[in-house]
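Report on one structure; see the data block that follows.
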Amino acid sequence: MEKLFLKHVFFFLSIISIPAYSANNPLAIQKKTDSMTQSLAASDIKSTPNEKLQTDSYITKNRNNILLPGEIDIKQLLPSSGERYPPPYGANLFAGGYETERVDGLNDNYLIAIGDKINIWLWGAVTFSDVVTVDNQGNIFIPEIGPIKVQNVPASKINDLVTKKIKQTYINDVNVYVNLLTATPVSIYLSGPVIRPGQYAGMASDSILYYLKRAGGIDAERGSYREIQVIRNGKTIKTIDLYDFIQNGFIPNVNFKDGDVILVTPQKAAITVAGGVRNPFRFELKKTISNGSQLTQYSRPLAKVSHVAVIGNRNSGPFSRYLTYNDFQTFELKDGDKILFNDDIQAQVLDVQISGSYLGPSYFTVSKTTRLHDLLVNVPIETELADNSSIYILRKSVAERQKQLLNDSLDRLERSVFTAPASSDGAASIRAKEAEMVMLFTEKARKVEPLGKVVVSDNGKIANILLEQGDQIVIPQKTDLIQIAGEVLMPQAVVFNKNATLDDYVAWAGGFTERAEDQRIAIVRANGLVEFGNDKKVRQGDQILVLPRVDSKTMQSIKDITQIIYQIAVAANVVIK
């Protein structure tokens with residue numbers, strides 16, 4: 001008795017000596033977590049899995065891949081083969097966090113199991129209210145009524161069944177209401193190529209996706225999405241194909257029981273798909289040898305696909321085939337094949353745009369052998385408004401080439417500045433300052449987008465060139481204005497004067513700025529041609545560009561910068577300061 005009293009005193013002192021838990025005390029939180037882990041571990045030893053399930057001590061929250069002490073990183077246990085495969089078709093099934101979204105298991109199709117609790121009310125001539133538990137024989141017991149077999153009865157029919165049994169004893173003036181109150185969790189085993197195989201708790205009505213997600217999902221390199229077996233007492237009671245769920249939304253309804261096994265079988269024939277498809281994944285086919293039509297149902301090629309490349313291995317060794325899309329439908333595929341869907345038919349028509357002064361539609365579809373004259377004869381214009389002698393073309397391929405040449409020039413400029421030798425500290429300081437200014441200039445210059453002008457008219461004659469995809473044919477509008485821009489005080493538009501010289505137009509725009517290059521002025525003609533020189537005669541519709549002057553006293557690379565400025569003026573009709 002004295003020993004028992006001392007034991008109780010020691011237990012009481014151990015309780016009051018525990019530090020207070022505080023949400024703001026990380027150390028306290030850690031100690032509390034450690035104690036909970038130890039307690040849980042101790043309970044694991046003393047209680048069976050079914051006892052833990054019945055006391056609701058199982059974990060339903062997602063740990064977000066946080067490793068507990070003693071756990072091993074899954075990546076170390078499941079090494080990759082080293083091959084760079086795309087994800088398997090359906091891998092996103094296990095990307096969400098829905099394993100933490102618990103359901104109560106009380107749906108209409110739930111089958112009553114041992115341990116479930118049922119609430120029963122009787123009122124009228126007899127008053128009774130109690131929560132009864134389904135015993136090990138699958139029965140519930142009601143006084144004056146006796147045992148009622150309810151195991152494997154759907155939740156939607158439990159009220160009718162119990163009411164019928166009660167009415168056999170209490171025939172008149174007794175009302176009955178029966179409701180399934182709680183469902184007993186079950187313990188399910190997951191095996192095969194899953195990330196974390198083992199034993200997991202859940203409800204009998206939980207879907208197979210819930211249990212697979214609890215186990216980390218199917219192993220992408222080893223597990224099958226096409227054959228997942230539910231085994232009960234050593235027999236397969238259901239085989240599930242997740243492709244049916246992905247494509248049609250169909251998944252079999254399985255009421256799990258304690259001790260069921262979910263077995264993910266090994267991956268079957270896997271074929272990698274890439275190219276012009278809506279689903280570029282690694283697909284799993286049920287048969288070792290399948291034809292291309294089955295694969296196209298899953299990969300869904302784009303409408304533009306015309307050919308299919310197949311790369312793989314056969315008994316004779318590595319092989320590759322390049323087939324038309326129609327021939328691919330009957331081609332035999334095997335495990336490990338790689339498929340590339342390709343658009344390999346050149347367009348026989350061109351899309352061409354008309355802009356400027358014209359009548360009618362702005363887009364034309366022509367054959368790829370069409371020349372400029374063939375199209376222009378079908379474009380109506382108003383001769384009083386359209387300058388049809390100054391037509392030019394904006395071409396994407398030319399703009400891309402101009403952009404490449406400009407970037408090459410800027411790269412050479414940067415290399416020349418950064419690799420220039422310095423003979424003294426003063427020269428090095430000057431080079432550093434020059435490099436800084438050059439970087440600012442090149443940064444701005446790289447943002448310029450060339451127009452891709454193709455000059456096709458000269459003195460009223462238009463070259464009959466072949467058209468290209470995406471060409472924009474510009475028919476300038478007749479105008480009496482001259483645009484003046486660049487290094488002038490007041491960039492503006494001035495009315496054309498046939499007696500005015502180039503200097504007159506610059507003077508009407510306020511004259512040159514301090515940084516203007518007044519010796520070589522660019523004139524952009526209405527047909528897109530760019531000319532330089534103060535002696536050039538200005539015509540209606542021209543644009544005058546006054547370029548900036550590079551100070552040779554501060555910039556050693558004046559020649560390269562000047563060249564780039566002129567290059568930009570020609571390619572984009574803009575002035576970089």
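Starting from 1 in every chain, residues are counted up; chains themselves are A, B, ... following the order of the structure tokens, and ligands are numbered from 1 as listed.
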Next on the checklist: Give me the residues near Ala526 in chain A as a VMD selection string, where near means some atom within 10 Å (using only C-alpha atoms) and where sequence neighbours in that chain fewer than 4 positions away do not count.
Outcome noted: chain A and resid 387 389 to 392 455 457 475 to 479 530 539 to 543
Selection above as a file: N, CA, C and O atoms, as a compact mmCIF listing (two decimals), in the first residue's frame:
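Final output, result00.txt:
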```txt
# COMPACT_ATOMS: atom_id res chain seq x y z
N ASP A 387 -0.43 55.72 -104.32
CA ASP A 387 0.84 55.91 -105.02
C ASP A 387 1.32 54.54 -105.49
O ASP A 387 2.20 53.92 -104.88
N SER A 389 3.11 53.64 -107.82
CA SER A 389 4.46 53.58 -108.37
C SER A 389 5.51 53.43 -107.27
O SER A 389 6.71 53.35 -107.57
N SER A 390 5.07 53.42 -106.00
CA SER A 390 6.03 53.34 -104.88
C SER A 390 5.71 52.15 -103.97
O SER A 390 5.90 52.19 -102.76
N ILE A 391 5.22 51.08 -104.57
CA ILE A 391 4.87 49.90 -103.78
C ILE A 391 6.13 49.24 -103.23
O ILE A 391 7.16 49.16 -103.91
N TYR A 392 6.04 48.77 -101.98
CA TYR A 392 7.13 47.98 -101.40
C TYR A 392 6.53 46.85 -100.57
O TYR A 392 5.32 46.82 -100.30
N VAL A 455 12.45 46.69 -101.40
CA VAL A 455 12.18 47.73 -102.40
C VAL A 455 11.95 47.05 -103.74
O VAL A 455 12.85 46.41 -104.29
N SER A 457 10.00 48.78 -106.32
CA SER A 457 9.62 49.76 -107.35
C SER A 457 10.73 50.80 -107.49
O SER A 457 11.34 51.21 -106.50
N ILE A 475 0.89 49.57 -100.33
CA ILE A 475 0.62 50.54 -101.40
C ILE A 475 0.51 51.91 -100.74
O ILE A 475 -0.51 52.23 -100.12
N PRO A 476 1.56 52.73 -100.78
CA PRO A 476 1.54 54.01 -100.05
C PRO A 476 0.43 54.92 -100.56
O PRO A 476 -0.01 54.86 -101.72
N GLN A 477 -0.04 55.75 -99.67
CA GLN A 477 -1.04 56.74 -100.03
C GLN A 477 -0.36 58.03 -100.46
O GLN A 477 0.64 58.45 -99.86
N LYS A 478 -0.89 58.62 -101.48
CA LYS A 478 -0.33 59.89 -101.94
C LYS A 478 -0.50 60.95 -100.85
O LYS A 478 -1.55 61.05 -100.22
N THR A 479 0.54 61.73 -100.64
CA THR A 479 0.50 62.74 -99.60
C THR A 479 1.30 63.96 -100.04
O THR A 479 2.23 63.85 -100.85
N VAL A 530 16.25 54.08 -99.02
CA VAL A 530 16.91 55.06 -98.15
C VAL A 530 18.14 55.60 -98.88
O VAL A 530 19.01 54.83 -99.31
N ARG A 539 11.17 64.56 -102.48
CA ARG A 539 9.94 64.36 -103.24
C ARG A 539 8.76 64.17 -102.29
O ARG A 539 8.94 63.92 -101.09
N GLN A 540 7.57 64.27 -102.84
CA GLN A 540 6.37 64.12 -102.02
C GLN A 540 6.33 62.75 -101.34
O GLN A 540 6.63 61.73 -101.98
N GLY A 541 5.96 62.75 -100.04
CA GLY A 541 5.86 61.50 -99.30
C GLY A 541 7.16 61.03 -98.69
O GLY A 541 7.18 59.99 -98.01
N ASP A 542 8.25 61.80 -98.86
CA ASP A 542 9.54 61.39 -98.29
C ASP A 542 9.58 61.63 -96.78
O ASP A 542 8.81 62.43 -96.23
N GLN A 543 10.50 60.94 -96.14
CA GLN A 543 10.78 61.14 -94.72
C GLN A 543 12.24 61.52 -94.56
O GLN A 543 13.13 60.84 -95.09
```
Neighbour list for Val538 in chain A as an mmCIF file with N, CA and C atoms, in the first residue's frame, cut-off 12 Å, only C-alpha atoms, skip fewer than 2 positions in-chain:
```cif
data_model
loop_
_atom_site.group_PDB
_atom_site.id
_atom_site.type_symbol
_atom_site.label_atom_id
_atom_site.label_comp_id
_atom_site.auth_asym_id
_atom_site.auth_seq_id
_atom_site.Cartn_x
_atom_site.Cartn_y
_atom_site.Cartn_z
ATOM 1 N N ASP A 480 0.948 65.098 -99.503
ATOM 2 C CA ASP A 480 1.666 66.354 -99.781
ATOM 3 C C ASP A 480 2.575 66.745 -98.618
ATOM 4 N N LEU A 481 2.794 65.810 -97.687
ATOM 5 C CA LEU A 481 3.566 66.118 -96.497
ATOM 6 C C LEU A 481 4.953 65.481 -96.554
ATOM 7 N N ILE A 482 5.885 66.137 -95.871
ATOM 8 C CA ILE A 482 7.240 65.633 -95.685
ATOM 9 C C ILE A 482 7.453 65.461 -94.182
ATOM 10 N N GLN A 483 7.789 64.249 -93.728
ATOM 11 C CA GLN A 483 8.045 63.966 -92.320
ATOM 12 C C GLN A 483 9.507 64.239 -91.999
ATOM 13 N N ILE A 484 9.759 65.033 -90.938
ATOM 14 C CA ILE A 484 11.117 65.371 -90.533
ATOM 15 C C ILE A 484 11.306 64.887 -89.101
ATOM 16 N N VAL A 494 5.833 68.691 -92.614
ATOM 17 C CA VAL A 494 5.837 69.976 -93.330
ATOM 18 C C VAL A 494 5.253 69.746 -94.718
ATOM 19 N N VAL A 495 4.500 70.737 -95.221
ATOM 20 C CA VAL A 495 3.903 70.639 -96.552
ATOM 21 C C VAL A 495 5.009 70.689 -97.616
ATOM 22 N N PHE A 496 4.880 69.813 -98.615
ATOM 23 C CA PHE A 496 5.881 69.736 -99.674
ATOM 24 C C PHE A 496 5.925 71.039 -100.484
ATOM 25 N N ASN A 497 7.149 71.463 -100.743
ATOM 26 C CA ASN A 497 7.402 72.647 -101.562
ATOM 27 C C ASN A 497 8.424 72.261 -102.620
ATOM 28 N N LYS A 498 8.025 72.327 -103.871
ATOM 29 C CA LYS A 498 8.912 71.866 -104.937
ATOM 30 C C LYS A 498 10.169 72.707 -105.081
ATOM 31 N N ASN A 499 10.152 73.944 -104.554
ATOM 32 C CA ASN A 499 11.326 74.813 -104.661
ATOM 33 C C ASN A 499 12.234 74.724 -103.436
ATOM 34 N N ALA A 500 11.804 73.953 -102.412
ATOM 35 C CA ALA A 500 12.576 73.891 -101.165
ATOM 36 C C ALA A 500 13.682 72.860 -101.284
ATOM 37 N N THR A 501 14.789 73.147 -100.582
ATOM 38 C CA THR A 501 15.915 72.218 -100.519
ATOM 39 C C THR A 501 15.851 71.432 -99.210
ATOM 40 N N LEU A 502 16.798 70.520 -99.072
ATOM 41 C CA LEU A 502 16.859 69.720 -97.850
ATOM 42 C C LEU A 502 17.104 70.598 -96.633
ATOM 43 N N ASP A 503 17.978 71.580 -96.765
ATOM 44 C CA ASP A 503 18.247 72.487 -95.646
ATOM 45 C C ASP A 503 17.011 73.299 -95.268
ATOM 46 N N ASP A 504 16.196 73.626 -96.271
ATOM 47 C CA ASP A 504 14.978 74.384 -95.967
ATOM 48 C C ASP A 504 14.042 73.575 -95.065
ATOM 49 N N TYR A 505 13.875 72.286 -95.376
ATOM 50 C CA TYR A 505 12.981 71.457 -94.555
ATOM 51 C C TYR A 505 13.515 71.320 -93.134
ATOM 52 N N VAL A 506 14.833 71.167 -92.992
ATOM 53 C CA VAL A 506 15.431 71.073 -91.657
ATOM 54 C C VAL A 506 15.211 72.374 -90.906
ATOM 55 N N ILE A 521 22.488 63.345 -94.360
ATOM 56 C CA ILE A 521 21.113 63.238 -93.884
ATOM 57 C C ILE A 521 20.417 62.134 -94.682
ATOM 58 N N ALA A 522 19.654 61.286 -93.979
ATOM 59 C CA ALA A 522 18.965 60.168 -94.623
ATOM 60 C C ALA A 522 17.599 60.609 -95.131
ATOM 61 N N ILE A 523 17.291 60.205 -96.348
ATOM 62 C CA ILE A 523 15.976 60.462 -96.942
ATOM 63 C C ILE A 523 15.340 59.116 -97.255
ATOM 64 N N VAL A 524 14.196 58.843 -96.579
ATOM 65 C CA VAL A 524 13.466 57.602 -96.807
ATOM 66 C C VAL A 524 12.382 57.890 -97.828
ATOM 67 N N ARG A 525 12.520 57.278 -99.013
ATOM 68 C CA ARG A 525 11.579 57.512 -100.094
ATOM 69 C C ARG A 525 10.264 56.769 -99.831
ATOM 70 N N ALA A 526 9.250 57.157 -100.566
ATOM 71 C CA ALA A 526 7.931 56.532 -100.405
ATOM 72 C C ALA A 526 7.962 55.060 -100.784
ATOM 73 N N VAL A 530 16.248 54.080 -99.017
ATOM 74 C CA VAL A 530 16.908 55.055 -98.152
ATOM 75 C C VAL A 530 18.138 55.596 -98.876
ATOM 76 N N GLU A 531 18.216 56.936 -98.999
ATOM 77 C CA GLU A 531 19.348 57.585 -99.647
ATOM 78 C C GLU A 531 19.982 58.581 -98.678
ATOM 79 N N PHE A 532 21.288 58.824 -98.843
ATOM 80 C CA PHE A 532 22.028 59.749 -97.994
ATOM 81 C C PHE A 532 22.641 60.853 -98.855
ATOM 82 N N GLY A 533 22.701 62.028 -98.259
ATOM 83 C CA GLY A 533 23.356 63.135 -98.959
ATOM 84 C C GLY A 533 22.517 64.396 -98.961
ATOM 85 N N ASN A 534 23.178 65.547 -98.751
ATOM 86 C CA ASN A 534 22.478 66.835 -98.726
ATOM 87 C C ASN A 534 22.076 67.307 -100.122
ATOM 88 N N ASP A 535 22.631 66.674 -101.144
ATOM 89 C CA ASP A 535 22.332 67.113 -102.506
ATOM 90 C C ASP A 535 21.127 66.395 -103.100
ATOM 91 N N LYS A 536 20.520 65.506 -102.328
ATOM 92 C CA LYS A 536 19.388 64.751 -102.846
ATOM 93 C C LYS A 536 18.148 65.643 -102.869
ATOM 94 N N GLN A 540 7.566 64.271 -102.839
ATOM 95 C CA GLN A 540 6.367 64.121 -102.024
ATOM 96 C C GLN A 540 6.335 62.745 -101.345
ATOM 97 N N GLY A 541 5.959 62.749 -100.042
ATOM 98 C CA GLY A 541 5.862 61.502 -99.299
ATOM 99 C C GLY A 541 7.161 61.030 -98.685
ATOM 100 N N ASP A 542 8.253 61.799 -98.857
ATOM 101 C CA ASP A 542 9.543 61.394 -98.295
ATOM 102 C C ASP A 542 9.581 61.632 -96.784
ATOM 103 N N GLN A 543 10.503 60.936 -96.138
ATOM 104 C CA GLN A 543 10.779 61.137 -94.719
ATOM 105 C C GLN A 543 12.241 61.521 -94.556
ATOM 106 N N ILE A 544 12.503 62.602 -93.824
ATOM 107 C CA ILE A 544 13.868 63.096 -93.614
ATOM 108 C C ILE A 544 14.299 62.694 -92.211
#
```
Give me, as CSV, the closest atom pair and its distance (Å, one decimal) for every residue of range 400-464 of chain A within a cut-off of 12 Å of range 360-379 of chain A, counting only C-alpha atoms, rows sorted by chain and rising number.
```
residue,atom,partner,partner_atom,distance
A:Val456,CA,A:Leu372,CA,9.4
A:Ser457,CA,A:Leu372,CA,11.3
A:Lys461,CA,A:His373,CA,11.2
A:Ile462,CA,A:His373,CA,8.2
A:Ala463,CA,A:Leu372,CA,7.7
A:Asn464,CA,A:Leu372,CA,5.2
```
Checklist entry - Hey, what does DSSP flag as strand (DSSP E or B) within range 310-399 of chain A? Can you give it to me as number ranges by chain? => result A: 310-314, 317-324, 332-333, 338-342, 349-356, 363-367, 371, 386, 392-394
Those same residues, written as a short mmCIF file (atom, residue, chain, number, x, y, z; two decimals), in the first residue's frame with N, CA and C atoms?
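Dumped to result_31.cif:
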```
data_model
loop_
_atom_site.label_atom_id
_atom_site.label_comp_id
_atom_site.auth_asym_id
_atom_site.auth_seq_id
_atom_site.Cartn_x
_atom_site.Cartn_y
_atom_site.Cartn_z
N VAL A 310 8.90 6.46 -86.11
CA VAL A 310 8.91 5.40 -85.10
C VAL A 310 10.34 4.95 -84.90
N ILE A 311 10.80 5.01 -83.65
CA ILE A 311 12.17 4.59 -83.32
C ILE A 311 12.07 3.55 -82.22
N GLY A 312 12.77 2.42 -82.38
CA GLY A 312 12.69 1.38 -81.36
C GLY A 312 13.68 0.27 -81.64
N ASN A 313 13.43 -0.88 -81.04
CA ASN A 313 14.28 -2.06 -81.20
C ASN A 313 13.42 -3.26 -81.54
N ARG A 314 13.94 -4.08 -82.42
CA ARG A 314 13.31 -5.33 -82.78
C ARG A 314 14.33 -6.45 -82.65
N GLY A 317 17.57 -5.76 -84.25
CA GLY A 317 18.37 -4.66 -83.75
C GLY A 317 17.60 -3.35 -83.80
N PRO A 318 18.29 -2.24 -83.53
CA PRO A 318 17.63 -0.92 -83.57
C PRO A 318 17.07 -0.63 -84.95
N PHE A 319 15.95 0.06 -84.98
CA PHE A 319 15.35 0.40 -86.27
C PHE A 319 14.63 1.74 -86.15
N SER A 320 14.34 2.34 -87.30
CA SER A 320 13.55 3.57 -87.36
C SER A 320 12.75 3.55 -88.65
N ARG A 321 11.53 4.09 -88.56
CA ARG A 321 10.65 4.16 -89.73
C ARG A 321 10.03 5.54 -89.79
N TYR A 322 9.80 6.00 -91.01
CA TYR A 322 9.12 7.28 -91.22
C TYR A 322 7.91 6.99 -92.10
N LEU A 323 6.71 7.06 -91.49
CA LEU A 323 5.51 6.62 -92.16
C LEU A 323 4.54 7.77 -92.35
N THR A 324 3.67 7.62 -93.33
CA THR A 324 2.56 8.55 -93.43
C THR A 324 1.59 8.28 -92.27
N GLU A 332 2.67 -2.01 -86.36
CA GLU A 332 2.77 -2.70 -85.08
C GLU A 332 3.78 -2.01 -84.17
N LEU A 333 3.36 -1.69 -82.96
CA LEU A 333 4.21 -1.04 -81.96
C LEU A 333 4.55 -2.03 -80.86
N LYS A 338 9.52 4.80 -79.48
CA LYS A 338 9.37 6.25 -79.36
C LYS A 338 8.71 6.77 -80.63
N ILE A 339 7.64 7.52 -80.45
CA ILE A 339 6.83 7.99 -81.57
C ILE A 339 6.91 9.50 -81.65
N LEU A 340 7.13 10.02 -82.85
CA LEU A 340 7.16 11.47 -83.09
C LEU A 340 6.16 11.79 -84.19
N PHE A 341 5.13 12.55 -83.84
CA PHE A 341 4.14 13.00 -84.82
C PHE A 341 4.63 14.32 -85.42
N ASN A 342 4.62 14.38 -86.75
CA ASN A 342 5.26 15.50 -87.43
C ASN A 342 4.36 16.07 -88.53
N VAL A 349 -0.33 26.89 -100.40
CA VAL A 349 -0.90 28.22 -100.55
C VAL A 349 -0.20 29.17 -99.60
N LEU A 350 -0.27 30.45 -99.91
CA LEU A 350 0.35 31.50 -99.11
C LEU A 350 -0.71 32.47 -98.63
N ASP A 351 -0.51 33.00 -97.43
CA ASP A 351 -1.36 34.06 -96.90
C ASP A 351 -0.62 35.38 -97.06
N VAL A 352 -1.21 36.29 -97.81
CA VAL A 352 -0.58 37.57 -98.12
C VAL A 352 -1.51 38.69 -97.70
N GLN A 353 -0.94 39.75 -97.15
CA GLN A 353 -1.72 40.88 -96.66
C GLN A 353 -1.44 42.12 -97.50
N ILE A 354 -2.49 42.91 -97.72
CA ILE A 354 -2.39 44.19 -98.41
C ILE A 354 -2.64 45.30 -97.40
N SER A 355 -1.83 46.34 -97.40
CA SER A 355 -2.04 47.48 -96.51
C SER A 355 -1.76 48.76 -97.26
N GLY A 356 -2.20 49.87 -96.69
CA GLY A 356 -2.02 51.16 -97.34
C GLY A 356 -3.29 51.65 -97.99
N TYR A 363 -6.70 40.53 -97.02
CA TYR A 363 -5.96 39.27 -97.01
C TYR A 363 -6.30 38.47 -98.25
N PHE A 364 -5.26 37.85 -98.80
CA PHE A 364 -5.43 37.02 -99.99
C PHE A 364 -4.74 35.68 -99.75
N THR A 365 -5.36 34.63 -100.27
CA THR A 365 -4.76 33.30 -100.26
C THR A 365 -4.41 32.94 -101.69
N VAL A 366 -3.11 32.75 -101.93
CA VAL A 366 -2.64 32.51 -103.29
C VAL A 366 -1.76 31.27 -103.30
N SER A 367 -1.52 30.73 -104.48
CA SER A 367 -0.64 29.57 -104.61
C SER A 367 0.81 30.00 -104.37
N ARG A 371 3.34 35.44 -108.27
CA ARG A 371 4.25 36.57 -108.29
C ARG A 371 3.48 37.85 -108.00
N ALA A 386 -3.87 56.48 -104.30
CA ALA A 386 -2.82 55.48 -104.11
C ALA A 386 -1.59 55.80 -104.95
N TYR A 392 6.04 48.77 -101.98
CA TYR A 392 7.13 47.98 -101.40
C TYR A 392 6.53 46.85 -100.57
N ILE A 393 7.37 45.91 -100.15
CA ILE A 393 6.91 44.72 -99.41
C ILE A 393 7.62 44.67 -98.06
N LEU A 394 6.86 44.34 -97.01
CA LEU A 394 7.42 44.04 -95.70
C LEU A 394 7.46 42.52 -95.56
#
```
Checklist entry - Hey, can you check how far CA of Phe128 in chain A sits from CA of Ile142 in chain A? => result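 Atom-to-atom, CA of Phe128 in chain A and CA of Ile142 in chain A are spaced 9.5 Å apart.
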Checklist entry - For Asp560 in chain A, which residue among A:Arg515, A:Arg431, A:Arg415, A:Lys149 is the nearest when counting only C-alpha atoms? => result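 Smallest separation from Asp560 in chain A among the options: A:Arg415.
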Item to check | Leu212 in chain A environment, 8 Å, only C-alpha atoms, sequence neighbours closer than 5 positions dropped, as a list in words | outcome: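 Final neighbour list, sorted by chain and number: Phe94, Leu190, Val194, Gly217 and Ile218 of chain A.
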Item to check | In range 285-487 of chain A, DSSP alpha helix (DSSP H) residues written as number ranges by chain | outcome: A: 292-299, 325-328, 372-376, 396-418, 425-445
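The environment of Asp260 in chain A within 6 Å, counting only C-alpha atoms and disregarding residues fewer than 5 places along the same chain, consists of Ile188, Ile231 and Arg232 of chain A.
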Next on the checklist: So that I can see what lies close to Leu122 in chain A, please list as a list in words the residues with an atom at most 8 Å from it, counting only C-alpha atoms and leaving out residues fewer than 4 positions away in the same chain.
Outcome noted: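 Counting only the stated atoms, we get Val126, Thr127, Phe128, Ser129, Val174, Asn175, Val176 and Tyr177 of chain A.
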If you keep N, CA, C and O atoms, can you produce a file of those selected residues as a compact mmCIF listing (two decimals), in the first residue's frame?
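Everything below was put into again.txt:
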```txt
# COMPACT_ATOMS: atom_id res chain seq x y z
N VAL A 126 -44.51 3.19 -27.70
CA VAL A 126 -43.26 2.79 -27.05
C VAL A 126 -42.23 3.88 -27.30
O VAL A 126 -42.11 4.39 -28.43
N THR A 127 -41.48 4.25 -26.26
CA THR A 127 -40.43 5.27 -26.39
C THR A 127 -39.08 4.61 -26.16
O THR A 127 -38.87 3.94 -25.13
N PHE A 128 -38.19 4.80 -27.13
CA PHE A 128 -36.86 4.19 -27.02
C PHE A 128 -35.88 5.02 -27.86
O PHE A 128 -36.21 5.43 -28.97
N SER A 129 -34.71 5.25 -27.32
CA SER A 129 -33.66 5.97 -28.05
C SER A 129 -32.31 5.44 -27.59
O SER A 129 -32.02 5.44 -26.39
N VAL A 174 -46.52 2.82 -33.31
CA VAL A 174 -45.08 2.96 -33.02
C VAL A 174 -44.40 3.50 -34.28
O VAL A 174 -44.53 2.91 -35.36
N ASN A 175 -43.73 4.63 -34.11
CA ASN A 175 -42.96 5.23 -35.20
C ASN A 175 -41.48 4.92 -35.00
O ASN A 175 -40.97 4.93 -33.87
N VAL A 176 -40.81 4.68 -36.12
CA VAL A 176 -39.40 4.25 -36.06
C VAL A 176 -38.56 5.13 -36.99
O VAL A 176 -38.98 5.46 -38.11
N TYR A 177 -37.40 5.53 -36.48
CA TYR A 177 -36.41 6.24 -37.32
C TYR A 177 -35.04 5.67 -37.02
O TYR A 177 -34.61 5.61 -35.85
```
Item to check | Surrounding residues of Lys334 in chain A excluding itself and chain neighbours under 2 positions, 9 Å, only C-alpha atoms, as a ChimeraX atom specification | outcome: /A:269-271,287-291,312-314,332,336-337
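Between Gly486 in chain A and the residues A:Leu547, A:Ala428, A:Val474, A:Lys453, the shortest atom-to-atom distance, using only C-alpha atoms, involves A:Leu547.
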